[in-house]
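**Student:** This is the content of coords-v1.txt (compact mmCIF, C-alpha atoms):
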# COMPACT_ATOMS: atom_id res chain seq x y z
CA MET A 9 69.41 -105.70 73.52
CA ARG A 10 73.03 -106.85 73.84
CA LEU A 11 75.95 -104.98 75.39
CA ASN A 12 79.27 -105.58 73.67
CA SER A 13 80.94 -104.22 76.80
CA LEU A 14 79.33 -106.96 78.90
CA ASP A 15 80.58 -109.64 76.51
CA ALA A 16 84.07 -108.10 76.70
CA PHE A 17 83.91 -108.01 80.51
CA ARG A 18 82.82 -111.66 80.55
CA GLY A 19 85.67 -112.57 78.20
CA ILE A 20 88.23 -110.80 80.40
CA THR A 21 86.86 -112.68 83.40
CA ILE A 22 87.08 -116.04 81.62
CA ALA A 23 90.65 -115.25 80.54
CA GLY A 24 91.49 -114.48 84.16
CA MET A 25 89.86 -117.72 85.26
CA LEU A 26 91.95 -119.73 82.77
CA LEU A 27 95.17 -118.08 83.92
CA VAL A 28 94.44 -118.53 87.64
CA ASN A 29 93.22 -122.12 87.41
CA THR A 30 96.02 -123.34 85.16
CA ALA A 31 98.78 -121.50 87.00
CA SER A 32 97.59 -123.04 90.27
CA LEU A 33 98.97 -126.40 89.07
CA ALA A 34 102.54 -125.11 89.13
CA PRO A 35 104.81 -125.77 92.15
CA SER A 36 105.16 -122.01 92.64
CA ILE A 37 103.23 -119.13 91.13
CA HIS A 38 103.25 -115.34 91.15
CA PRO A 39 101.33 -113.93 94.15
CA TRP A 40 98.79 -112.13 91.98
CA LEU A 41 97.73 -115.47 90.47
CA ALA A 42 97.30 -117.13 93.87
CA HIS A 43 94.19 -117.14 96.05
CA ALA A 44 94.41 -115.88 99.62
CA ASP A 45 95.24 -118.75 101.96
CA TRP A 46 92.38 -117.83 104.30
CA ASN A 47 91.36 -114.27 105.18
CA GLY A 48 92.20 -111.61 102.60
CA CYS A 49 91.46 -110.89 98.95
CA THR A 50 93.82 -111.16 95.98
CA LEU A 51 93.30 -110.46 92.29
CA ALA A 52 92.63 -114.17 91.77
CA ASP A 53 89.81 -113.99 94.34
CA GLU A 54 88.01 -111.41 92.22
CA VAL A 55 87.50 -113.65 89.17
CA PHE A 56 84.57 -115.78 90.36
CA PRO A 57 82.57 -112.89 91.92
CA CYS A 58 82.97 -110.98 88.65
CA PHE A 59 81.42 -113.88 86.75
CA LEU A 60 78.51 -114.08 89.22
CA PHE A 61 77.99 -110.32 88.87
CA ILE A 62 77.96 -110.69 85.07
CA VAL A 63 75.33 -113.46 85.35
CA GLY A 64 73.10 -110.97 87.16
CA VAL A 65 73.66 -108.16 84.63
CA ALA A 66 72.84 -110.51 81.73
CA MET A 67 69.67 -111.70 83.52
CA ALA A 68 68.37 -108.14 83.63
CA PHE A 69 68.44 -107.97 79.84
CA SER A 70 67.19 -111.48 79.14
CA LEU A 71 64.28 -111.28 81.62
CA ALA A 72 63.33 -107.64 81.01
CA LYS A 73 60.02 -108.21 79.23
CA TYR A 74 58.89 -110.71 81.88
CA THR A 75 59.82 -108.61 84.91
CA GLN A 76 58.10 -105.56 83.43
CA ALA A 77 54.87 -107.46 82.79
CA ARG A 78 55.08 -109.24 86.18
CA GLN A 79 53.34 -112.16 84.49
CA PRO A 80 56.01 -114.71 83.55
CA ARG A 81 54.60 -117.77 81.87
CA ARG A 82 55.00 -121.30 83.14
CA TRP A 83 57.29 -122.25 80.25
CA LEU A 84 59.74 -119.54 81.37
CA TYR A 85 60.12 -121.17 84.79
CA TRP A 86 60.77 -124.50 83.09
CA ARG A 87 63.39 -122.89 80.85
CA LEU A 88 65.12 -121.33 83.84
CA LEU A 89 64.96 -124.60 85.76
CA ARG A 90 66.36 -126.48 82.76
CA ARG A 91 69.26 -124.06 82.38
CA ALA A 92 70.06 -124.22 86.09
CA GLY A 93 69.80 -128.02 86.00
CA ILE A 94 72.26 -128.26 83.10
CA LEU A 95 74.77 -126.05 84.92
CA PHE A 96 74.35 -128.04 88.12
CA GLY A 97 74.78 -131.32 86.25
CA LEU A 98 77.93 -130.05 84.54
CA GLY A 99 79.26 -129.05 87.95
CA LEU A 100 78.71 -132.56 89.29
CA LEU A 101 80.39 -133.93 86.17
CA LEU A 102 83.49 -131.83 86.87
CA ASN A 103 83.60 -132.54 90.60
CA GLY A 104 83.39 -136.29 90.20
CA PHE A 105 85.44 -136.53 87.02
CA TRP A 106 87.62 -139.58 86.58
CA THR A 107 86.54 -141.70 89.56
CA TYR A 108 82.91 -140.63 90.04
CA GLU A 109 82.84 -141.92 93.58
CA TRP A 110 80.15 -140.55 95.87
CA GLY A 111 82.62 -138.69 98.06
CA THR A 112 83.97 -136.68 95.11
CA PHE A 113 80.65 -134.96 94.40
CA GLY A 114 80.09 -131.54 95.93
CA LEU A 115 77.11 -129.22 95.97
CA THR A 116 79.01 -125.94 96.24
CA GLY A 117 81.41 -126.18 93.31
CA VAL A 118 81.69 -123.34 90.82
CA LEU A 119 78.89 -124.36 88.45
CA GLU A 120 76.65 -125.67 91.23
CA ARG A 121 76.99 -122.33 93.02
CA ILE A 122 76.23 -120.41 89.82
CA SER A 123 73.17 -122.55 89.05
CA LEU A 124 71.67 -122.23 92.53
CA ALA A 125 72.32 -118.47 92.69
CA TYR A 126 70.93 -118.05 89.16
CA LEU A 127 67.72 -119.90 90.02
CA ALA A 128 67.24 -118.10 93.34
CA THR A 129 67.83 -114.69 91.76
CA ALA A 130 65.41 -115.44 88.92
CA ALA A 131 62.71 -116.41 91.42
CA ILE A 132 63.29 -113.20 93.40
CA VAL A 133 63.23 -110.79 90.45
CA LEU A 134 60.25 -112.46 88.75
CA THR A 135 58.02 -112.47 91.81
CA LEU A 136 58.98 -109.50 94.01
CA PRO A 137 58.83 -105.71 93.48
CA ARG A 138 62.15 -103.90 93.08
CA ARG A 139 62.20 -102.38 96.58
CA VAL A 140 61.62 -105.80 98.10
CA GLN A 141 64.42 -107.21 95.94
CA TRP A 142 66.83 -104.67 97.45
CA LEU A 143 65.59 -105.59 100.90
CA VAL A 144 66.19 -109.27 100.19
CA ALA A 145 69.77 -108.53 99.06
CA ALA A 146 70.44 -106.57 102.25
CA MET A 147 68.87 -109.28 104.41
CA LEU A 148 71.02 -111.96 102.76
CA LEU A 149 74.22 -110.09 103.58
CA ILE A 150 73.15 -109.14 107.10
CA GLY A 151 71.84 -112.66 107.65
CA TYR A 152 75.28 -114.04 106.83
CA TRP A 153 76.81 -111.61 109.33
CA ALA A 154 74.43 -112.89 111.98
CA ALA A 155 75.41 -116.48 111.14
CA TYR A 156 79.08 -115.52 111.41
CA THR A 157 78.42 -114.14 114.88
CA ALA A 158 76.69 -117.37 115.89
CA PHE A 159 79.36 -119.64 114.32
CA PRO A 160 82.76 -117.88 114.57
CA LEU A 161 85.21 -118.65 111.80
CA PRO A 162 88.29 -120.84 112.27
CA ALA A 163 91.50 -118.85 112.66
CA SER A 164 93.22 -120.47 109.69
CA GLN A 165 92.78 -122.82 106.74
CA ALA A 166 94.36 -125.64 108.78
CA ASP A 167 91.84 -125.17 111.60
CA ALA A 168 89.04 -125.08 109.02
CA ALA A 169 90.18 -128.35 107.46
CA ARG A 170 90.16 -130.04 110.85
CA GLY A 171 86.64 -128.73 111.54
CA GLU A 172 85.20 -129.26 108.04
CA ILE A 173 82.02 -130.89 109.41
CA GLY A 174 81.65 -128.20 112.05
CA THR A 175 82.01 -124.45 111.76
CA PHE A 176 83.67 -124.41 108.34
CA GLY A 177 80.99 -126.61 106.79
CA ILE A 178 78.18 -124.55 108.31
CA MET A 179 79.59 -121.19 107.19
CA SER A 180 80.47 -122.50 103.74
CA SER A 181 76.80 -123.38 103.26
CA PHE A 182 75.71 -119.95 104.52
CA GLY A 183 78.00 -118.52 101.84
CA MET A 184 75.24 -119.16 99.28
CA MET A 185 73.45 -116.17 100.83
CA SER A 186 76.18 -113.72 99.86
CA THR A 187 76.60 -115.49 96.50
CA ILE A 188 72.94 -114.81 95.66
CA ALA A 189 73.41 -111.21 96.80
CA ILE A 190 76.26 -110.73 94.31
CA VAL A 191 74.05 -111.95 91.44
CA LEU A 192 71.25 -109.68 92.65
CA PHE A 193 73.54 -106.64 92.63
CA GLY A 194 74.54 -107.57 89.09
CA TYR A 195 70.85 -107.74 88.19
CA PHE A 196 70.19 -104.30 89.70
CA THR A 197 73.08 -102.89 87.67
CA GLY A 198 71.82 -104.44 84.44
CA ALA A 199 68.25 -103.28 85.05
CA TRP A 200 69.45 -99.73 85.68
CA LEU A 201 71.59 -99.73 82.54
CA GLN A 202 68.74 -101.02 80.43
CA THR A 203 66.39 -98.35 81.74
CA GLU A 204 69.00 -95.65 81.09
CA ILE A 205 69.68 -96.79 77.54
CA VAL A 206 66.00 -97.23 76.64
CA THR A 207 64.95 -93.93 78.24
CA THR A 208 67.74 -91.62 77.05
CA LYS A 209 68.47 -93.44 73.76
CA ILE A 210 72.15 -92.69 74.34
CA ARG A 211 75.13 -94.30 76.03
CA SER A 212 77.04 -91.62 77.91
CA SER A 213 79.99 -91.00 80.21
CA HIS A 214 77.47 -89.96 82.85
CA GLN A 215 76.33 -93.58 82.99
CA SER A 216 79.93 -94.77 83.22
CA MET A 217 80.62 -92.35 86.06
CA THR A 218 77.53 -93.57 87.92
CA LEU A 219 78.92 -97.09 87.70
CA VAL A 220 82.30 -95.84 88.97
CA LEU A 221 80.77 -94.05 91.95
CA SER A 222 78.62 -97.07 92.78
CA GLY A 223 81.70 -99.29 92.55
CA LEU A 224 83.71 -97.05 94.86
CA ALA A 225 80.83 -96.95 97.36
CA SER A 226 80.40 -100.72 97.34
CA SER A 227 84.12 -101.53 97.65
CA GLY A 228 84.47 -98.89 100.37
CA LEU A 229 81.58 -100.38 102.31
CA GLY A 230 83.09 -103.82 101.97
CA GLN A 231 86.47 -102.55 103.19
CA LEU A 232 84.83 -100.92 106.21
CA TRP A 233 82.78 -104.04 106.94
CA SER A 234 85.96 -106.15 106.89
CA LEU A 235 86.95 -104.56 110.21
CA TRP A 236 84.32 -106.80 111.82
CA LEU A 237 83.80 -109.48 109.15
CA PRO A 238 87.06 -110.41 107.35
CA PHE A 239 87.30 -110.95 103.60
CA ASN A 240 87.16 -114.71 103.02
CA LYS A 241 86.47 -116.21 99.61
CA LYS A 242 86.30 -119.78 100.85
CA LEU A 243 83.37 -118.82 103.07
CA TRP A 244 81.98 -115.97 100.92
CA THR A 245 81.71 -113.44 103.73
CA SER A 246 79.42 -110.45 103.19
CA SER A 247 82.32 -107.98 103.34
CA TYR A 248 84.07 -109.93 100.58
CA ALA A 249 80.86 -109.89 98.51
CA MET A 250 80.44 -106.11 98.79
CA PHE A 251 84.11 -105.42 98.07
CA THR A 252 84.22 -107.63 94.97
CA VAL A 253 80.92 -106.24 93.67
CA GLY A 254 82.54 -102.81 93.85
CA LEU A 255 85.53 -103.95 91.81
CA ALA A 256 83.20 -105.61 89.28
CA LEU A 257 81.31 -102.33 88.87
CA LEU A 258 84.58 -100.49 88.20
CA LEU A 259 85.64 -103.03 85.57
CA LEU A 260 82.22 -102.87 83.90
CA ALA A 261 82.42 -99.06 83.93
CA ALA A 262 85.78 -99.17 82.13
CA CYS A 263 84.48 -101.56 79.45
CA TYR A 264 81.25 -99.57 79.07
CA GLU A 265 83.06 -96.25 78.65
CA LEU A 266 85.57 -97.57 76.13
CA ILE A 267 83.22 -99.69 74.02
CA GLU A 268 79.71 -98.27 74.34
CA VAL A 269 80.51 -94.57 74.82
CA ARG A 270 83.77 -93.97 72.97
CA GLY A 271 83.30 -96.70 70.38
CA TYR A 272 86.73 -98.32 70.89
CA ARG A 273 85.65 -101.86 70.06
CA ARG A 274 88.46 -103.42 68.09
CA TRP A 275 90.63 -104.09 71.17
CA SER A 276 87.79 -106.09 72.74
CA ASP A 277 87.10 -108.46 69.83
CA PRO A 278 89.50 -111.22 71.04
CA VAL A 279 88.10 -111.30 74.58
CA ARG A 280 84.50 -111.03 73.39
CA VAL A 281 84.99 -114.34 71.58
CA LEU A 282 85.74 -115.97 74.94
CA GLY A 283 82.82 -114.18 76.58
CA LEU A 284 80.32 -115.52 74.07
CA ASN A 285 81.29 -119.13 74.89
CA SER A 286 82.11 -118.83 78.58
CA ILE A 287 80.48 -122.01 79.92
CA PHE A 288 82.04 -124.18 77.23
CA VAL A 289 85.48 -122.71 77.93
CA PHE A 290 85.12 -123.22 81.68
CA VAL A 291 83.94 -126.84 81.46
CA GLY A 292 86.46 -127.77 78.78
CA SER A 293 89.38 -126.13 80.58
CA GLU A 294 88.49 -127.75 83.92
CA LEU A 295 88.32 -131.19 82.29
CA MET A 296 91.64 -130.53 80.61
CA ILE A 297 93.24 -129.48 83.91
CA GLN A 298 92.04 -132.67 85.60
CA LEU A 299 93.34 -134.77 82.72
CA LEU A 300 96.73 -133.06 82.96
CA GLU A 301 96.83 -133.79 86.68
CA LYS A 302 95.52 -137.37 86.66
CA THR A 303 97.22 -138.83 83.59
CA HIS A 304 100.91 -139.76 83.58
CA VAL A 305 103.74 -139.96 81.07
CA GLY A 306 105.52 -143.27 81.45
CA SER A 307 104.83 -146.13 83.82
CA GLY A 308 105.54 -146.90 87.44
CA THR A 309 104.81 -145.08 90.66
CA GLN A 310 107.36 -142.33 89.89
CA ALA A 311 105.90 -141.45 86.48
CA PRO A 312 105.23 -137.68 86.37
CA SER A 313 101.79 -136.32 85.66
CA THR A 314 101.21 -135.03 82.14
CA TYR A 315 101.21 -131.49 83.46
CA HIS A 316 104.55 -131.82 85.24
CA TRP A 317 106.09 -133.56 82.23
CA LEU A 318 105.06 -130.70 79.94
CA TYR A 319 106.04 -128.16 82.59
CA GLU A 320 109.56 -129.55 82.98
CA HIS A 321 110.24 -130.31 79.31
CA PHE A 322 108.99 -127.08 77.74
CA PHE A 323 109.58 -124.38 80.36
CA SER A 324 112.22 -125.49 82.88
CA ASN A 325 115.30 -124.44 80.88
CA TRP A 326 114.47 -120.83 80.12
CA ALA A 327 112.25 -119.42 82.88
CA SER A 328 112.17 -119.13 86.67
CA ASP A 329 109.71 -121.23 88.67
CA PRO A 330 106.87 -118.69 89.06
CA THR A 331 107.25 -117.54 85.46
CA ARG A 332 107.04 -121.12 84.14
CA GLY A 333 103.59 -121.57 85.62
CA PHE A 334 102.49 -118.21 84.21
CA LEU A 335 103.77 -119.03 80.73
CA PHE A 336 102.10 -122.44 80.82
CA ALA A 337 98.83 -120.74 81.76
CA VAL A 338 99.24 -118.19 78.93
CA GLY A 339 99.88 -121.00 76.46
CA THR A 340 96.72 -122.76 77.64
CA LEU A 341 94.75 -119.53 77.25
CA VAL A 342 96.02 -119.08 73.68
CA LEU A 343 95.08 -122.64 72.73
CA TRP A 344 91.58 -122.20 74.11
CA TRP A 345 91.19 -118.88 72.34
CA LEU A 346 92.12 -120.49 69.02
CA ALA A 347 89.59 -123.28 69.58
CA ILE A 348 86.84 -120.86 70.59
CA TYR A 349 87.61 -118.56 67.67
CA TYR A 350 87.09 -121.53 65.36
CA PHE A 351 83.76 -122.32 67.05
CA HIS A 352 82.80 -118.66 66.78
CA ARG A 353 83.48 -118.64 63.04
CA ARG A 354 81.27 -121.73 62.74
CA HIS A 355 78.53 -119.91 64.72
CA TRP A 356 78.61 -122.41 67.57
CA SER A 357 77.93 -121.13 71.09
CA SER A 358 77.55 -122.57 74.59
CA ILE A 359 74.38 -122.65 76.71
Hey, can you dump this file as C-alpha cells for me?
**Tutor:**
Amino acid sequence: MRLNSLDAFRGITIAGMLLVNTASLAPSIHPWLAHADWNGCTLADEVFPCFLFIVGVAMAFSLAKYTQARQPRRWLYWRLLRRAGILFGLGLLLNGFWTYEWGTFGLTGVLERISLAYLATAAIVLTLPRRVQWLVAAMLLIGYWAAYTAFPLPASQADAARGEIGTFGIMSSFGMMSTIAIVLFGYFTGAWLQTEIVTTKIRSSHQSMTLVLSGLASSGLGQLWSLWLPFNKKLWTSSYAMFTVGLALLLLAACYELIEVRGYRRWSDPVRVLGLNSIFVFVGSELMIQLLEKTHVGSGTQAPSTYHWLYEHFFSNWASDPTRGFLFAVGTLVLWWLAIYYFHRRHWSSI
C-alpha cells in the first residue's frame, strides 16, 4: 500500500530542506529560512523532524506484514542493516567531503542520525508489542529530560562552542533518544493509518481530523514542556521533539485530506517527484552546496567562492540582500526538480 499524500508530504519537506540549506549560504537571509541561534524553534527547524517523522510513517507500511506476524526473517534484518549502513556511509561521505581528514567526520550528521534512528526503531517495532513500544517512546523522551537535569544546557551557542567536549557534547549525544522517539511517533501514525484504511476500506475526513487533534495535542504538550525544557534543535530536546511531531501531524493531515479524501492530486504531482527520490536529492544537493562553497572563480587568496561569484553576478543588481539568497535557493530547487523529473521519467529512484 502506498500513500500519495505521504509522498507529497516528503516532497514538500525535501523542497523546504533545499531552500533552507541553500539560502543559509547567503550573507543575510529571511528569518523564516534561518535556524534558531540556540533555544527556540523556527520554520527551518521543522524540516528535519518532519523527514524523521515521515521515515517512521513509511516504515509502518513497509514492515506491516512482518510486525503482524511477529516472525521477521533473518534476511529482513540484513536488509535493514544494509539500508542503514548505506545511509550512514553516505553521511560520512558528505561530512568528510573534499578533505576527508579524520576530524571532519561526524557521527551525528543528518544521514547518520536518520540511519541510527531508523535501525533502532526497526528493532523496537519488530521485537516489542505495541504497548511496550509506546512505553519505550515515553521513556526515551523522559530519559532525555533526566539527562538535561543532570547536565544543564549552556546558556548560548557561544558557551556551547566553548564547552563542546563537555555539556554540549554530552547532550548532543543524548539527542539521539528524542530523535528515535520522533521516528517511533511517525511509525505509530503510519500503523494507525494502515489499520484504518484496511479495516474501513475508506479514506475519510474523520481520519484527517484525528490526525489534526493528535497534532494539536502533541504540539501543545511540547509547548507546555518547553517551560521547563526549552526548544533546542541543536540538542534535540524532548519538548522540541513533541512540538515538531505535532506540526508534522498537522501537515500530514492537510496532505491526507486534500489528496486521499478529496482527490485533489494534480497540485501535488511536482512535489511528489521530489518525494520519490528524496535521498538522492539530499545527497546531491549537499555535495553541490559544498562544491559551491569550496571552489573558487579566479586565482589568488581573494578569489570569491563559486557561490559568492554566482550570487553577486546574477542577483546583486536587482534584489535586496535577503531576497537574493532566497531567489538563489529557489533557482537551485528548480534545477533539482528538473533533474529529478528527468530521472522520474526514466523510472530511476533512490534507495
**Student:** Taking only C-alpha atoms into account, name the residue in A:Val342, A:Ala44, A:Leu260, A:Ile37 that is nearest to A:Leu282.
**Tutor:**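 Under the stated criterion, the closest residue is A:Val342.
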**Student:** Which of these, A:Leu243, A:Ile287, A:Ala347, A:Leu88, has the shortest distance to A:Trp46 once you count all atoms listed in the file?
**Tutor:**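 Answer, going by the shortest atom-to-atom distance: A:Leu243.
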**Student:** Within 9 Å of A:Ile122, counting only C-alpha atoms, which residues qualify if same-chain residues fewer than 6 places away don't, as a ChimeraX atom specification?
**Tutor:** /A:59-60,63,92,95-96,116,187-188,191
**Student:** Identify, on the basis of all atoms listed in the file, every residue whose closest approach to A:Ser222 does not exceed 8 Å; exclude the query and any residue fewer than 3 positions from it along the same chain; express the result as an mmCIF file with C-alpha atoms, keeping the file's coordinate frame.
**Tutor:**
data_model
loop_
_atom_site.group_PDB
_atom_site.id
_atom_site.type_symbol
_atom_site.label_atom_id
_atom_site.label_comp_id
_atom_site.auth_asym_id
_atom_site.auth_seq_id
_atom_site.Cartn_x
_atom_site.Cartn_y
_atom_site.Cartn_z
ATOM 1 C CA THR A 218 77.530 -93.570 87.920
ATOM 2 C CA LEU A 219 78.920 -97.090 87.700
ATOM 3 C CA ALA A 225 80.830 -96.950 97.360
ATOM 4 C CA SER A 226 80.400 -100.720 97.340
ATOM 5 C CA GLY A 254 82.540 -102.810 93.850
ATOM 6 C CA LEU A 257 81.310 -102.330 88.870
#
**Student:** Hey, what's within 12 Å of A:Val55 if we count only C-alpha atoms and toss same-chain stuff fewer than 4 positions away? As a ChimeraX atom specification, please?
**Tutor:** /A:17-29,40-43,49-51,59-62,118,241,252-253,255-256,259
**Student:** One number please: atom CA of A:Lys209 to atom CA of A:Trp142, in Å, one decimal.
**Tutor:**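 Atom CA of A:Trp142 lies at a distance of 26.3 Å from atom CA of A:Lys209.
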**Student:** Would you mind listing what lies within 9 Å of A:Phe239 as a list in words, with only C-alpha atoms counted and same-chain residues fewer than 2 positions away left out?
**Tutor:** Trp46, Asn47, Gly48, Cys49, Gly230, Gln231, Trp233, Ser234, Leu237, Lys241, Leu243, Trp244, Thr245, Ser246, Ser247, Tyr248, Ala249 and Phe251 of chain A
**Student:** Of the candidates A:Val269, A:Leu102, A:Met184, A:Leu229, which shows the shortest atom-to-atom distance to A:Leu127, using all atoms listed in the file?
**Tutor:** A:Met184
**Student:** Of the residues A:His352, A:Arg211, A:Arg332, A:Arg10, which is the one nearest to A:Ser36, using all atoms listed in the file?
**Tutor:**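 Among the listed residues, the smallest separation from A:Ser36 belongs to A:Arg332.
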**Student:** Report, in Å with one decimal, the straight-line distance from atom CA of A:Asp53 to atom CA of A:Tyr264.
**Tutor:**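 Here the two named atoms are 22.7 Å from each other.
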**Student:** Could you list, as a ChimeraX atom specification, every residue within 9 Å of stretch 128-131 of chain A, counting only C-alpha atoms and ignoring same-chain residues fewer than 5 positions away?
**Tutor:** /A:64,67,71,85,88,123,136,188-189,191-192,195
**Student:** How many Å separate atom CA of A:Thr303 from atom CA of A:Leu33?
**Tutor:**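 So the two atoms, atom CA of A:Thr303 and atom CA of A:Leu33, lie 13.7 Å apart.
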**Student:** With all atoms listed in the file as the atoms that count, which of A:Ile210, A:Leu235, A:Leu224, A:Leu134 lies nearest to A:Arg270?
**Tutor:**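 Looking only at the distances to A:Arg270, the closest residue turns out to be A:Ile210.
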**Student:** In terms of the shortest atom-to-atom distance over all atoms listed in the file, which of A:Pro57, A:Ser286, A:Glu268, A:Leu124 is closest to A:Lys242?
**Tutor:**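 Among the listed residues, the smallest separation from A:Lys242 belongs to A:Pro57.
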